[in-house]
file coords_34.pdb (PDB, C-alpha atoms and all ligand atoms)
ATOM      1  CA  MET A   1     112.037  82.943 101.823  1.00  0.00           C
ATOM      2  CA  ALA A   2     110.847  83.356 105.385  1.00  0.00           C
ATOM      3  CA  LEU A   3     107.252  82.155 105.146  1.00  0.00           C
ATOM      4  CA  HIS A   4     108.059  78.979 107.041  1.00  0.00           C
ATOM      5  CA  ASP A   5     109.736  80.895 109.893  1.00  0.00           C
ATOM      6  CA  ILE A   6     106.809  83.283 110.261  1.00  0.00           C
ATOM      7  CA  THR A   7     104.291  80.452 110.221  1.00  0.00           C
ATOM      8  CA  ALA A   8     106.274  78.636 112.919  1.00  0.00           C
ATOM      9  CA  ARG A   9     106.490  81.767 115.085  1.00  0.00           C
ATOM     10  CA  MET A  10     102.772  82.410 114.589  1.00  0.00           C
ATOM     11  CA  GLN A  11     101.919  78.870 115.671  1.00  0.00           C
ATOM     12  CA  ALA A  12     104.184  79.104 118.710  1.00  0.00           C
ATOM     13  CA  ALA A  13     102.633  82.423 119.774  1.00  0.00           C
ATOM     14  CA  THR A  14      99.134  81.013 119.284  1.00  0.00           C
ATOM     15  CA  GLN A  15      99.931  78.025 121.459  1.00  0.00           C
ATOM     16  CA  ALA A  16     101.696  80.158 124.097  1.00  0.00           C
ATOM     17  CA  ALA A  17      98.561  82.287 124.361  1.00  0.00           C
ATOM     18  CA  GLY A  18      96.483  79.184 125.013  1.00  0.00           C
ATOM     19  CA  ARG A  19      94.538  79.711 121.815  1.00  0.00           C
ATOM     20  CA  ALA A  20      93.302  77.048 119.414  1.00  0.00           C
ATOM     21  CA  PRO A  21      95.539  76.015 116.500  1.00  0.00           C
ATOM     22  CA  GLY A  22      94.294  77.876 113.448  1.00  0.00           C
ATOM     23  CA  ALA A  23      92.826  80.731 115.507  1.00  0.00           C
ATOM     24  CA  VAL A  24      95.056  83.232 113.671  1.00  0.00           C
ATOM     25  CA  THR A  25      95.111  83.890 109.927  1.00  0.00           C
ATOM     26  CA  LEU A  26      98.409  85.026 108.414  1.00  0.00           C
ATOM     27  CA  ILE A  27      97.865  87.708 105.786  1.00  0.00           C
ATOM     28  CA  ALA A  28     101.009  87.902 103.653  1.00  0.00           C
ATOM     29  CA  VAL A  29     101.212  91.577 102.693  1.00  0.00           C
ATOM     30  CA  SER A  30     102.444  91.587  99.107  1.00  0.00           C
ATOM     31  CA  LYS A  31     102.068  95.284  98.260  1.00  0.00           C
ATOM     32  CA  VAL A  32     104.890  96.691  96.149  1.00  0.00           C
ATOM     33  CA  GLN A  33     106.738  93.347  96.123  1.00  0.00           C
ATOM     34  CA  PRO A  34     108.238  91.984  92.911  1.00  0.00           C
ATOM     35  CA  LEU A  35     106.022  89.344  91.348  1.00  0.00           C
ATOM     36  CA  ASP A  36     108.608  86.582  91.672  1.00  0.00           C
ATOM     37  CA  ARG A  37     108.561  86.915  95.463  1.00  0.00           C
ATOM     38  CA  VAL A  38     104.763  86.683  95.499  1.00  0.00           C
ATOM     39  CA  VAL A  39     104.819  83.650  93.226  1.00  0.00           C
ATOM     40  CA  ALA A  40     107.408  81.992  95.479  1.00  0.00           C
ATOM     41  CA  VAL A  41     105.060  82.306  98.460  1.00  0.00           C
ATOM     42  CA  LEU A  42     102.137  80.986  96.392  1.00  0.00           C
ATOM     43  CA  ASP A  43     104.355  78.067  95.309  1.00  0.00           C
ATOM     44  CA  GLN A  44     104.848  77.240  98.982  1.00  0.00           C
ATOM     45  CA  GLY A  45     101.092  76.881  99.304  1.00  0.00           C
ATOM     46  CA  HIS A  46     100.145  80.123 101.033  1.00  0.00           C
ATOM     47  CA  ARG A  47      96.737  81.445  99.932  1.00  0.00           C
ATOM     48  CA  VAL A  48      95.960  84.596 101.971  1.00  0.00           C
ATOM     49  CA  PHE A  49      97.444  87.909 100.876  1.00  0.00           C
ATOM     50  CA  GLY A  50      97.076  91.601 101.673  1.00  0.00           C
ATOM     51  CA  GLU A  51      97.263  94.593  99.353  1.00  0.00           C
ATOM     52  CA  ASN A  52      97.191  98.354  99.948  1.00  0.00           C
ATOM     53  CA  TYR A  53      96.436  99.716  96.500  1.00  0.00           C
ATOM     54  CA  VAL A  54      93.353  98.801  94.461  1.00  0.00           C
ATOM     55  CA  GLN A  55      95.029  99.295  91.103  1.00  0.00           C
ATOM     56  CA  GLU A  56      98.102  97.287  91.996  1.00  0.00           C
ATOM     57  CA  ALA A  57      95.903  94.456  93.250  1.00  0.00           C
ATOM     58  CA  ALA A  58      93.695  94.602  90.154  1.00  0.00           C
ATOM     59  CA  ALA A  59      96.773  94.262  87.956  1.00  0.00           C
ATOM     60  CA  LYS A  60      98.124  91.292  89.887  1.00  0.00           C
ATOM     61  CA  TRP A  61      95.472  89.032  91.380  1.00  0.00           C
ATOM     62  CA  PRO A  62      93.141  88.072  88.528  1.00  0.00           C
ATOM     63  CA  ASP A  63      96.120  86.464  86.748  1.00  0.00           C
ATOM     64  CA  LEU A  64      97.505  84.877  89.892  1.00  0.00           C
ATOM     65  CA  ARG A  65      94.098  83.476  90.815  1.00  0.00           C
ATOM     66  CA  ALA A  66      93.813  82.003  87.327  1.00  0.00           C
ATOM     67  CA  ARG A  67      97.190  80.329  87.827  1.00  0.00           C
ATOM     68  CA  PHE A  68      96.954  79.237  91.454  1.00  0.00           C
ATOM     69  CA  GLY A  69      93.236  78.815  92.110  1.00  0.00           C
ATOM     70  CA  ALA A  70      91.326  80.348  94.971  1.00  0.00           C
ATOM     71  CA  VAL A  71      93.353  82.962  96.822  1.00  0.00           C
ATOM     72  CA  SER A  72      91.907  85.164  99.529  1.00  0.00           C
ATOM     73  CA  VAL A  73      93.008  88.770  99.025  1.00  0.00           C
ATOM     74  CA  HIS A  74      92.485  91.362 101.758  1.00  0.00           C
ATOM     75  CA  MET A  75      92.427  95.125 101.237  1.00  0.00           C
ATOM     76  CA  ILE A  76      94.422  96.695 104.068  1.00  0.00           C
ATOM     77  CA  GLY A  77      95.135 100.157 102.636  1.00  0.00           C
ATOM     78  CA  PRO A  78      92.988 103.311 102.577  1.00  0.00           C
ATOM     79  CA  LEU A  79      90.042 102.853 100.217  1.00  0.00           C
ATOM     80  CA  GLN A  80      88.726 105.747  98.160  1.00  0.00           C
ATOM     81  CA  THR A  81      84.968 105.691  97.750  1.00  0.00           C
ATOM     82  CA  ASN A  82      85.263 105.892  93.957  1.00  0.00           C
ATOM     83  CA  LYS A  83      87.238 102.634  93.990  1.00  0.00           C
ATOM     84  CA  ALA A  84      84.782 100.772  96.213  1.00  0.00           C
ATOM     85  CA  ARG A  85      83.077  99.022  93.311  1.00  0.00           C
ATOM     86  CA  LEU A  86      86.342  97.636  91.973  1.00  0.00           C
ATOM     87  CA  ALA A  87      87.337  96.719  95.506  1.00  0.00           C
ATOM     88  CA  VAL A  88      84.238  94.630  96.234  1.00  0.00           C
ATOM     89  CA  ASP A  89      84.813  92.726  92.998  1.00  0.00           C
ATOM     90  CA  LEU A  90      88.427  92.022  93.869  1.00  0.00           C
ATOM     91  CA  PHE A  91      88.750  91.552  97.616  1.00  0.00           C
ATOM     92  CA  ASP A  92      87.500  88.923 100.038  1.00  0.00           C
ATOM     93  CA  ALA A  93      87.897  91.302 102.962  1.00  0.00           C
ATOM     94  CA  ILE A  94      88.279  95.046 103.495  1.00  0.00           C
ATOM     95  CA  HIS A  95      90.109  96.050 106.685  1.00  0.00           C
ATOM     96  CA  THR A  96      89.827  99.793 106.248  1.00  0.00           C
ATOM     97  CA  LEU A  97      86.183 100.754 106.668  1.00  0.00           C
ATOM     98  CA  ASP A  98      86.831 104.112 108.314  1.00  0.00           C
ATOM     99  CA  ARG A  99      84.082 106.589 107.451  1.00  0.00           C
ATOM    100  CA  ALA A 100      80.356 106.964 106.872  1.00  0.00           C
ATOM    101  CA  SER A 101      80.609 107.779 103.150  1.00  0.00           C
ATOM    102  CA  LEU A 102      82.488 104.535 102.502  1.00  0.00           C
ATOM    103  CA  ALA A 103      80.008 102.578 104.628  1.00  0.00           C
ATOM    104  CA  GLN A 104      77.169 104.016 102.584  1.00  0.00           C
ATOM    105  CA  LYS A 105      78.844 103.081  99.312  1.00  0.00           C
ATOM    106  CA  LEU A 106      79.642  99.547 100.482  1.00  0.00           C
ATOM    107  CA  ALA A 107      76.089  99.130 101.787  1.00  0.00           C
ATOM    108  CA  SER A 108      74.574 100.067  98.445  1.00  0.00           C
ATOM    109  CA  LEU A 109      76.973  97.771  96.569  1.00  0.00           C
ATOM    110  CA  ALA A 110      76.187  94.938  98.991  1.00  0.00           C
ATOM    111  CA  GLN A 111      72.474  95.495  98.490  1.00  0.00           C
ATOM    112  CA  ALA A 112      72.798  95.295  94.722  1.00  0.00           C
ATOM    113  CA  ARG A 113      75.123  92.282  94.717  1.00  0.00           C
ATOM    114  CA  GLY A 114      73.647  90.317  97.591  1.00  0.00           C
ATOM    115  CA  THR A 115      77.155  89.751  98.971  1.00  0.00           C
ATOM    116  CA  CYS A 116      79.776  91.828 100.695  1.00  0.00           C
ATOM    117  CA  PRO A 117      83.450  91.263 101.503  1.00  0.00           C
ATOM    118  CA  GLN A 118      84.178  90.648 105.161  1.00  0.00           C
ATOM    119  CA  LEU A 119      84.536  94.079 106.781  1.00  0.00           C
ATOM    120  CA  PHE A 120      86.801  95.383 109.526  1.00  0.00           C
ATOM    121  CA  VAL A 121      86.356  98.855 110.951  1.00  0.00           C
ATOM    122  CA  GLN A 122      89.691 100.642 111.216  1.00  0.00           C
ATOM    123  CA  VAL A 123      90.075 102.325 114.599  1.00  0.00           C
ATOM    124  CA  ASN A 124      92.564 105.147 115.114  1.00  0.00           C
ATOM    125  CA  THR A 125      93.560 103.873 118.557  1.00  0.00           C
ATOM    126  CA  GLY A 126      96.310 106.463 118.936  1.00  0.00           C
ATOM    127  CA  ALA A 127      94.000 109.324 117.864  1.00  0.00           C
ATOM    128  CA  GLU A 128      96.715 110.435 115.426  1.00  0.00           C
ATOM    129  CA  PRO A 129      95.539 113.395 113.337  1.00  0.00           C
ATOM    130  CA  GLN A 130      97.198 112.162 110.125  1.00  0.00           C
ATOM    131  CA  LYS A 131      95.950 108.581 110.418  1.00  0.00           C
ATOM    132  CA  ALA A 132      92.771 107.097 109.016  1.00  0.00           C
ATOM    133  CA  GLY A 133      90.312 105.338 111.241  1.00  0.00           C
ATOM    134  CA  VAL A 134      87.325 105.946 113.454  1.00  0.00           C
ATOM    135  CA  LEU A 135      88.239 107.530 116.789  1.00  0.00           C
ATOM    136  CA  PRO A 136      87.596 105.204 119.751  1.00  0.00           C
ATOM    137  CA  ALA A 137      84.951 107.569 121.145  1.00  0.00           C
ATOM    138  CA  ASP A 138      83.100 107.532 117.814  1.00  0.00           C
ATOM    139  CA  LEU A 139      83.103 103.766 117.382  1.00  0.00           C
ATOM    140  CA  PRO A 140      79.754 102.951 119.055  1.00  0.00           C
ATOM    141  CA  GLY A 141      77.923 105.465 116.861  1.00  0.00           C
ATOM    142  CA  PHE A 142      79.743 104.348 113.739  1.00  0.00           C
ATOM    143  CA  LEU A 143      78.887 100.683 114.337  1.00  0.00           C
ATOM    144  CA  ALA A 144      75.253 101.611 114.971  1.00  0.00           C
ATOM    145  CA  ASP A 145      75.207 103.529 111.681  1.00  0.00           C
ATOM    146  CA  CYS A 146      76.701 100.534 109.848  1.00  0.00           C
ATOM    147  CA  ARG A 147      74.129  98.184 111.289  1.00  0.00           C
ATOM    148  CA  ALA A 148      71.329 100.574 110.378  1.00  0.00           C
ATOM    149  CA  MET A 149      72.558 100.275 106.771  1.00  0.00           C
ATOM    150  CA  ASP A 150      72.518  96.461 107.019  1.00  0.00           C
ATOM    151  CA  LEU A 151      76.307  96.313 107.038  1.00  0.00           C
ATOM    152  CA  ALA A 152      77.606  93.801 109.553  1.00  0.00           C
ATOM    153  CA  PRO A 153      81.288  94.425 110.303  1.00  0.00           C
ATOM    154  CA  HIS A 154      83.159  91.269 111.255  1.00  0.00           C
ATOM    155  CA  GLY A 155      85.797  92.966 113.375  1.00  0.00           C
ATOM    156  CA  LEU A 156      88.148  95.836 114.125  1.00  0.00           C
ATOM    157  CA  MET A 157      91.557  96.752 112.745  1.00  0.00           C
ATOM    158  CA  CYS A 158      94.291  99.062 114.021  1.00  0.00           C
ATOM    159  CA  ILE A 159      97.740 100.354 113.087  1.00  0.00           C
ATOM    160  CA  PRO A 160      99.399 101.529 116.314  1.00  0.00           C
ATOM    161  CA  PRO A 161     101.465 104.740 116.262  1.00  0.00           C
ATOM    162  CA  GLU A 162     104.910 103.987 114.871  1.00  0.00           C
ATOM    163  CA  ALA A 163     106.880 105.283 117.833  1.00  0.00           C
ATOM    164  CA  GLU A 164     104.904 103.402 120.488  1.00  0.00           C
ATOM    165  CA  PRO A 165     104.748  99.807 121.616  1.00  0.00           C
ATOM    166  CA  GLY A 166     101.743  98.105 120.076  1.00  0.00           C
ATOM    167  CA  THR A 167     100.591  96.275 123.168  1.00  0.00           C
ATOM    168  CA  PRO A 168      98.326  98.937 124.757  1.00  0.00           C
ATOM    169  CA  HIS A 169      96.701  99.500 121.351  1.00  0.00           C
ATOM    170  CA  PHE A 170      96.118  95.783 120.842  1.00  0.00           C
ATOM    171  CA  ALA A 171      94.581  95.541 124.311  1.00  0.00           C
ATOM    172  CA  MET A 172      92.342  98.549 123.624  1.00  0.00           C
ATOM    173  CA  LEU A 173      91.181  97.156 120.276  1.00  0.00           C
ATOM    174  CA  ALA A 174      90.428  93.752 121.823  1.00  0.00           C
ATOM    175  CA  ARG A 175      88.378  95.391 124.570  1.00  0.00           C
ATOM    176  CA  MET A 176      86.385  97.447 122.072  1.00  0.00           C
ATOM    177  CA  ALA A 177      85.699  94.388 119.902  1.00  0.00           C
ATOM    178  CA  ALA A 178      84.492  92.440 122.924  1.00  0.00           C
ATOM    179  CA  ASP A 179      82.262  95.348 124.006  1.00  0.00           C
ATOM    180  CA  HIS A 180      80.572  95.291 120.618  1.00  0.00           C
ATOM    181  CA  GLY A 181      80.374  91.538 120.116  1.00  0.00           C
ATOM    182  CA  LEU A 182      82.816  91.541 117.191  1.00  0.00           C
ATOM    183  CA  SER A 183      84.973  88.446 116.739  1.00  0.00           C
ATOM    184  CA  GLY A 184      87.578  89.662 114.222  1.00  0.00           C
ATOM    185  CA  LEU A 185      90.752  91.458 115.323  1.00  0.00           C
ATOM    186  CA  SER A 186      93.134  92.573 112.559  1.00  0.00           C
ATOM    187  CA  MET A 187      96.311  93.676 114.321  1.00  0.00           C
ATOM    188  CA  GLY A 188     100.025  92.955 114.367  1.00  0.00           C
ATOM    189  CA  MET A 189     102.659  93.412 111.663  1.00  0.00           C
ATOM    190  CA  SER A 190     106.211  92.131 111.061  1.00  0.00           C
ATOM    191  CA  SER A 191     107.625  93.723 114.193  1.00  0.00           C
ATOM    192  CA  ASP A 192     104.894  92.930 116.698  1.00  0.00           C
ATOM    193  CA  PHE A 193     102.621  90.123 115.523  1.00  0.00           C
ATOM    194  CA  GLU A 194     103.442  87.878 118.472  1.00  0.00           C
ATOM    195  CA  ALA A 195     102.255  90.541 120.937  1.00  0.00           C
ATOM    196  CA  ALA A 196      99.103  90.971 118.855  1.00  0.00           C
ATOM    197  CA  ILE A 197      98.434  87.229 118.974  1.00  0.00           C
ATOM    198  CA  ALA A 198      98.849  87.308 122.769  1.00  0.00           C
ATOM    199  CA  HIS A 199      96.095  89.959 122.812  1.00  0.00           C
ATOM    200  CA  GLY A 200      93.697  88.032 120.634  1.00  0.00           C
ATOM    201  CA  ALA A 201      94.537  88.927 117.018  1.00  0.00           C
ATOM    202  CA  THR A 202      92.603  86.790 114.551  1.00  0.00           C
ATOM    203  CA  HIS A 203      94.342  88.285 111.494  1.00  0.00           C
ATOM    204  CA  ILE A 204      97.984  89.383 111.441  1.00  0.00           C
ATOM    205  CA  ARG A 205      99.311  91.438 108.528  1.00  0.00           C
ATOM    206  CA  VAL A 206     102.932  90.551 107.836  1.00  0.00           C
ATOM    207  CA  GLY A 207     104.832  91.944 104.854  1.00  0.00           C
ATOM    208  CA  SER A 208     108.557  92.567 105.071  1.00  0.00           C
ATOM    209  CA  ALA A 209     109.273  89.660 107.433  1.00  0.00           C
ATOM    210  CA  ILE A 210     107.990  87.296 104.737  1.00  0.00           C
ATOM    211  CA  PHE A 211     108.979  89.004 101.492  1.00  0.00           C
ATOM    212  CA  GLY A 212     111.922  91.182 102.488  1.00  0.00           C
ATOM    213  CA  ALA A 213     112.075  94.968 102.470  1.00  0.00           C
ATOM    214  CA  ARG A 214     109.784  96.870 100.121  1.00  0.00           C
ATOM    215  CA  ASP A 215     111.352  99.101  97.467  1.00  0.00           C
ATOM    216  CA  TYR A 216     108.791 101.845  96.846  1.00  0.00           C
ATOM    217  CA  GLY A 217     111.187 103.512  94.403  1.00  0.00           C
ATOM    218  CA  THR A 218     110.515 100.997  91.653  1.00  0.00           C
ATOM    219  CA  ASN A 219     106.737 100.969  91.940  1.00  0.00           C
ATOM    220  CA  PRO A 220     104.925 103.430  89.702  1.00  0.00           C
ATOM    221  CA  ASP A 221     101.477 102.622  91.090  1.00  0.00           C
ATOM    222  CA  LYS A 222     100.618 104.135  94.426  1.00  0.00           C
ATOM    223  CA  GLY A 223      96.909 104.438  93.788  1.00  0.00           C
TER     224      GLY A 223
HETATM  225  C1  LIG B 301     102.322  97.451 104.773  1.00  0.00           C
HETATM  226  C2  LIG B 301     101.358  97.108 105.839  1.00  0.00           C
HETATM  227  C3  LIG B 301     101.556  95.995 106.670  1.00  0.00           C
HETATM  228  C4  LIG B 301     102.777  95.109 106.619  1.00  0.00           C
HETATM  229  O1  LIG B 301     103.842  95.770 107.209  1.00  0.00           O
HETATM  230  P1  LIG B 301     105.225  95.016 107.532  1.00  0.00           P
HETATM  231  O2  LIG B 301     105.864  95.870 108.551  1.00  0.00           O
HETATM  232  O3  LIG B 301     105.970  94.927 106.262  1.00  0.00           O
HETATM  233  O4  LIG B 301     104.871  93.670 108.078  1.00  0.00           O
HETATM  234  C5  LIG B 301     100.572  95.701 107.599  1.00  0.00           C
HETATM  235  N1  LIG B 301      99.457  96.462 107.720  1.00  0.00           N
HETATM  236  C6  LIG B 301      99.250  97.535 106.956  1.00  0.00           C
HETATM  237  C7  LIG B 301      98.011  98.328 107.135  1.00  0.00           C
HETATM  238  C8  LIG B 301     100.197  97.902 106.010  1.00  0.00           C
HETATM  239  O5  LIG B 301      99.973  99.006 105.259  1.00  0.00           O
END

call {"tool": "encode", "arguments": {"input": "coords_34.pdb", "output": "structure tokens"}}
result
Amino acid sequence: MALHDITARMQAATQAAGRAPGAVTLIAVSKVQPLDRVVAVLDQGHRVFGENYVQEAAAKWPDLRARFGAVSVHMIGPLQTNKARLAVDLFDAIHTLDRASLAQKLASLAQARGTCPQLFVQVNTGAEPQKAGVLPADLPGFLADCRAMDLAPHGLMCIPPEAEPGTPHFAMLARMAADHGLSGLSMGMSSDFEAAIAHGATHIRVGSAIFGARDYGTNPDKG
């Protein structure tokens, strides 16, 4: 199990960037992983996880929280509006606020509940047509709309284009967050989290480097 290695690399990158110890939260992305691997990481004391699918998370985390106590679970996958209610019950943070209809739904749920998960606005920094996220040019208007609904996003999130180095995207996201007074930066995955930390990531999302490769073939639940 590679949790210890990743934690050590994260700490080294944080220090190398001249940032405070603890400035970066490691989200262990457990989507599609066999339960025994997730339990092994919980047994080592890790308590922050990421999931991509509401139903998979709903099947897994209530039991694991009952066994292991408080665990922070972050939604990092696309969120359908009709699953928003389940999502706000389940997740401590949602990294994929990417459209006005979802903002509206989350705002009305937050109003009714009096609480809201921590929110990150997903930005499509590469302007890829197939990728979710608010386009950089649309971000100021989107944030203004959120604030008008009494939603207060904590930060920004991005998934750089697969074929490109992440660094320019991390730098762009950090600049946009600073421009808008947002402190959270969700960026960096198994292959590039050290670069993301150098550019100010506060949350890195690391899956395969901790748990090993994902085998989508054995997972019946993609929703
Ligand atoms: C799956 C996933 C990750 C983790 O990816 P790895 O390459 O396994 O570290 C991070 N972020 C998002 C949005 C993901 O969907």

call {"tool": "closest_residue", "arguments": {"input": "coords_34.pdb", "among": "A:Thr115, A:Ala174, A:Asp43, A:His74", "to": "ligand LIG 301 (chain B)", "atoms": "all atoms listed in the file"}}
result
A:His74

call {"tool": "closest_atom_pairs", "arguments": {"input": "coords_34.pdb", "of": "chain A", "to": "ligand LIG 301 (chain B)", "cutoff": "7 Å", "atoms": "only C-alpha atoms and all ligand atoms", "output": "tab-separated table"}}
result
residue	atom	partner	partner_atom	distance
A:Val29	CA	B:LIG301	C4	5.5
A:Lys31	CA	B:LIG301	C1	6.9
A:Asn52	CA	B:LIG301	O5	6.0
A:Ile76	CA	B:LIG301	C7	5.0
A:Gly77	CA	B:LIG301	O5	5.6
A:Ile159	CA	B:LIG301	C7	6.3
A:Met189	CA	B:LIG301	O4	4.2
A:Ser190	CA	B:LIG301	O4	3.6
A:Ser191	CA	B:LIG301	O2	6.3
A:Arg205	CA	B:LIG301	C5	4.5
A:Val206	CA	B:LIG301	O4	3.7
A:Gly207	CA	B:LIG301	O3	3.5
A:Ser208	CA	B:LIG301	O3	3.7
A:Ala209	CA	B:LIG301	O4	6.0

call {"tool": "write_last_selection", "arguments": {"input": "coords_34.pdb", "atoms": "C-alpha atoms", "output": "PDB file, in the coordinates of the input"}}
result
ATOM      1  CA  VAL A  29     101.212  91.577 102.693  1.00  0.00           C
ATOM      2  CA  LYS A  31     102.068  95.284  98.260  1.00  0.00           C
ATOM      3  CA  ASN A  52      97.191  98.354  99.948  1.00  0.00           C
ATOM      4  CA  ILE A  76      94.422  96.695 104.068  1.00  0.00           C
ATOM      5  CA  GLY A  77      95.135 100.157 102.636  1.00  0.00           C
ATOM      6  CA  ILE A 159      97.740 100.354 113.087  1.00  0.00           C
ATOM      7  CA  MET A 189     102.659  93.412 111.663  1.00  0.00           C
ATOM      8  CA  SER A 190     106.211  92.131 111.061  1.00  0.00           C
ATOM      9  CA  SER A 191     107.625  93.723 114.193  1.00  0.00           C
ATOM     10  CA  ARG A 205      99.311  91.438 108.528  1.00  0.00           C
ATOM     11  CA  VAL A 206     102.932  90.551 107.836  1.00  0.00           C
ATOM     12  CA  GLY A 207     104.832  91.944 104.854  1.00  0.00           C
ATOM     13  CA  SER A 208     108.557  92.567 105.071  1.00  0.00           C
ATOM     14  CA  ALA A 209     109.273  89.660 107.433  1.00  0.00           C
TER      15      ALA A 209
END

call {"tool": "resolve_selection", "arguments": {"input": "coords_34.pdb", "expression": "the PyMOL selection byres (((chain A and resi 86) around 12) and not hetatm)", "output": "PyMOL selection string"}}
result
chain A and resi 53-59+75+79-85+87-92+94+105-106+109+117

call {"tool": "atom_distance", "arguments": {"input": "coords_34.pdb", "atom1": "atom CA of Met176 of chain A", "atom2": "atom CA of Val73 of chain A"}}
result
25.5 Å

call {"tool": "residues_around", "arguments": {"input": "coords_34.pdb", "residues": "Leu182 of chain A", "least_positions_apart": "4", "cutoff": "7 Å", "atoms": "all atoms listed in the file", "output": "PyMOL selection string"}}
result
chain A and resi 154-155+177-178

call {"tool": "resolve_selection", "arguments": {"input": "coords_34.pdb", "expression": "the PyMOL selection byres (((chain A and resi 192-204) around 10) and not hetatm)", "output": "number ranges by chain"}}
result
A: 6, 9-19, 22-29, 155-157, 165-175, 183-191, 205-207

call {"tool": "atom_distance", "arguments": {"input": "coords_34.pdb", "atom1": "atom CA of Pro136 of chain A", "atom2": "atom CA of Asn124 of chain A"}}
result
6.8 Å

call {"tool": "closest_residue", "arguments": {"input": "coords_34.pdb", "among": "A:Ala137, A:Leu97, A:Leu119, A:Ala110", "to": "Met149 of chain A", "atoms": "all atoms listed in the file"}}
result
A:Ala110

call {"tool": "residues_near_point", "arguments": {"input": "coords_34.pdb", "point": "(75.1, 100.6, 111.3)", "cutoff": "10 Å", "atoms": "all atoms listed in the file", "output": "NGL selection string"}}
result
:A and (100 or 103-104 or 107 or 140-153)

call {"tool": "write_last_selection", "arguments": {"input": "coords_34.pdb", "atoms": "C-alpha atoms", "output": "PDB file, keeping the file's coordinate frame"}}
result
ATOM      1  CA  ALA A 100      80.356 106.964 106.872  1.00  0.00           C
ATOM      2  CA  ALA A 103      80.008 102.578 104.628  1.00  0.00           C
ATOM      3  CA  GLN A 104      77.169 104.016 102.584  1.00  0.00           C
ATOM      4  CA  ALA A 107      76.089  99.130 101.787  1.00  0.00           C
ATOM      5  CA  PRO A 140      79.754 102.951 119.055  1.00  0.00           C
ATOM      6  CA  GLY A 141      77.923 105.465 116.861  1.00  0.00           C
ATOM      7  CA  PHE A 142      79.743 104.348 113.739  1.00  0.00           C
ATOM      8  CA  LEU A 143      78.887 100.683 114.337  1.00  0.00           C
ATOM      9  CA  ALA A 144      75.253 101.611 114.971  1.00  0.00           C
ATOM     10  CA  ASP A 145      75.207 103.529 111.681  1.00  0.00           C
ATOM     11  CA  CYS A 146      76.701 100.534 109.848  1.00  0.00           C
ATOM     12  CA  ARG A 147      74.129  98.184 111.289  1.00  0.00           C
ATOM     13  CA  ALA A 148      71.329 100.574 110.378  1.00  0.00           C
ATOM     14  CA  MET A 149      72.558 100.275 106.771  1.00  0.00           C
ATOM     15  CA  ASP A 150      72.518  96.461 107.019  1.00  0.00           C
ATOM     16  CA  LEU A 151      76.307  96.313 107.038  1.00  0.00           C
ATOM     17  CA  ALA A 152      77.606  93.801 109.553  1.00  0.00           C
ATOM     18  CA  PRO A 153      81.288  94.425 110.303  1.00  0.00           C
TER      19      PRO A 153
END

call {"tool": "atom_distance", "arguments": {"input": "coords_34.pdb", "atom1": "atom CA of Ser30 of chain A", "atom2": "atom CA of Lys131 of chain A"}}
result
21.4 Å

call {"tool": "resolve_selection", "arguments": {"input": "coords_34.pdb", "expression": "the PyMOL selection byres (((chain A and resi 71) around 10) and not hetatm)", "output": "PyMOL selection string"}}
result
chain A and resi 42+46-49+61-62+64-66+68-70+72-74+91-92

call {"tool": "write_last_selection", "arguments": {"input": "coords_34.pdb", "atoms": "C-alpha atoms", "output": "short mmCIF file (atom, residue, chain, number, x, y, z; two decimals), keeping the file's coordinate frame"}}
result
data_model
loop_
_atom_site.label_atom_id
_atom_site.label_comp_id
_atom_site.auth_asym_id
_atom_site.auth_seq_id
_atom_site.Cartn_x
_atom_site.Cartn_y
_atom_site.Cartn_z
CA LEU A 42 102.14 80.99 96.39
CA HIS A 46 100.14 80.12 101.03
CA ARG A 47 96.74 81.44 99.93
CA VAL A 48 95.96 84.60 101.97
CA PHE A 49 97.44 87.91 100.88
CA TRP A 61 95.47 89.03 91.38
CA PRO A 62 93.14 88.07 88.53
CA LEU A 64 97.50 84.88 89.89
CA ARG A 65 94.10 83.48 90.82
CA ALA A 66 93.81 82.00 87.33
CA PHE A 68 96.95 79.24 91.45
CA GLY A 69 93.24 78.82 92.11
CA ALA A 70 91.33 80.35 94.97
CA SER A 72 91.91 85.16 99.53
CA VAL A 73 93.01 88.77 99.02
CA HIS A 74 92.48 91.36 101.76
CA PHE A 91 88.75 91.55 97.62
CA ASP A 92 87.50 88.92 100.04
#

call {"tool": "residues_around", "arguments": {"input": "coords_34.pdb", "residues": "Leu3 of chain A", "least_positions_apart": "6", "cutoff": "8 Å", "atoms": "only C-alpha atoms", "output": "list in words"}}
result
Val41, Ile210 and Phe211 of chain A

call {"tool": "axis_aligned_box", "arguments": {"input": "coords_34.pdb", "around": "segment 59-70 of chain A", "padding_each_side": "3 Å", "output": "lines of an AutoDock Vina configuration file"}}
result
center_x = 94.7
center_y = 86.5
center_z = 90.9
size_x = 12.8
size_y = 21.4
size_z = 14.2
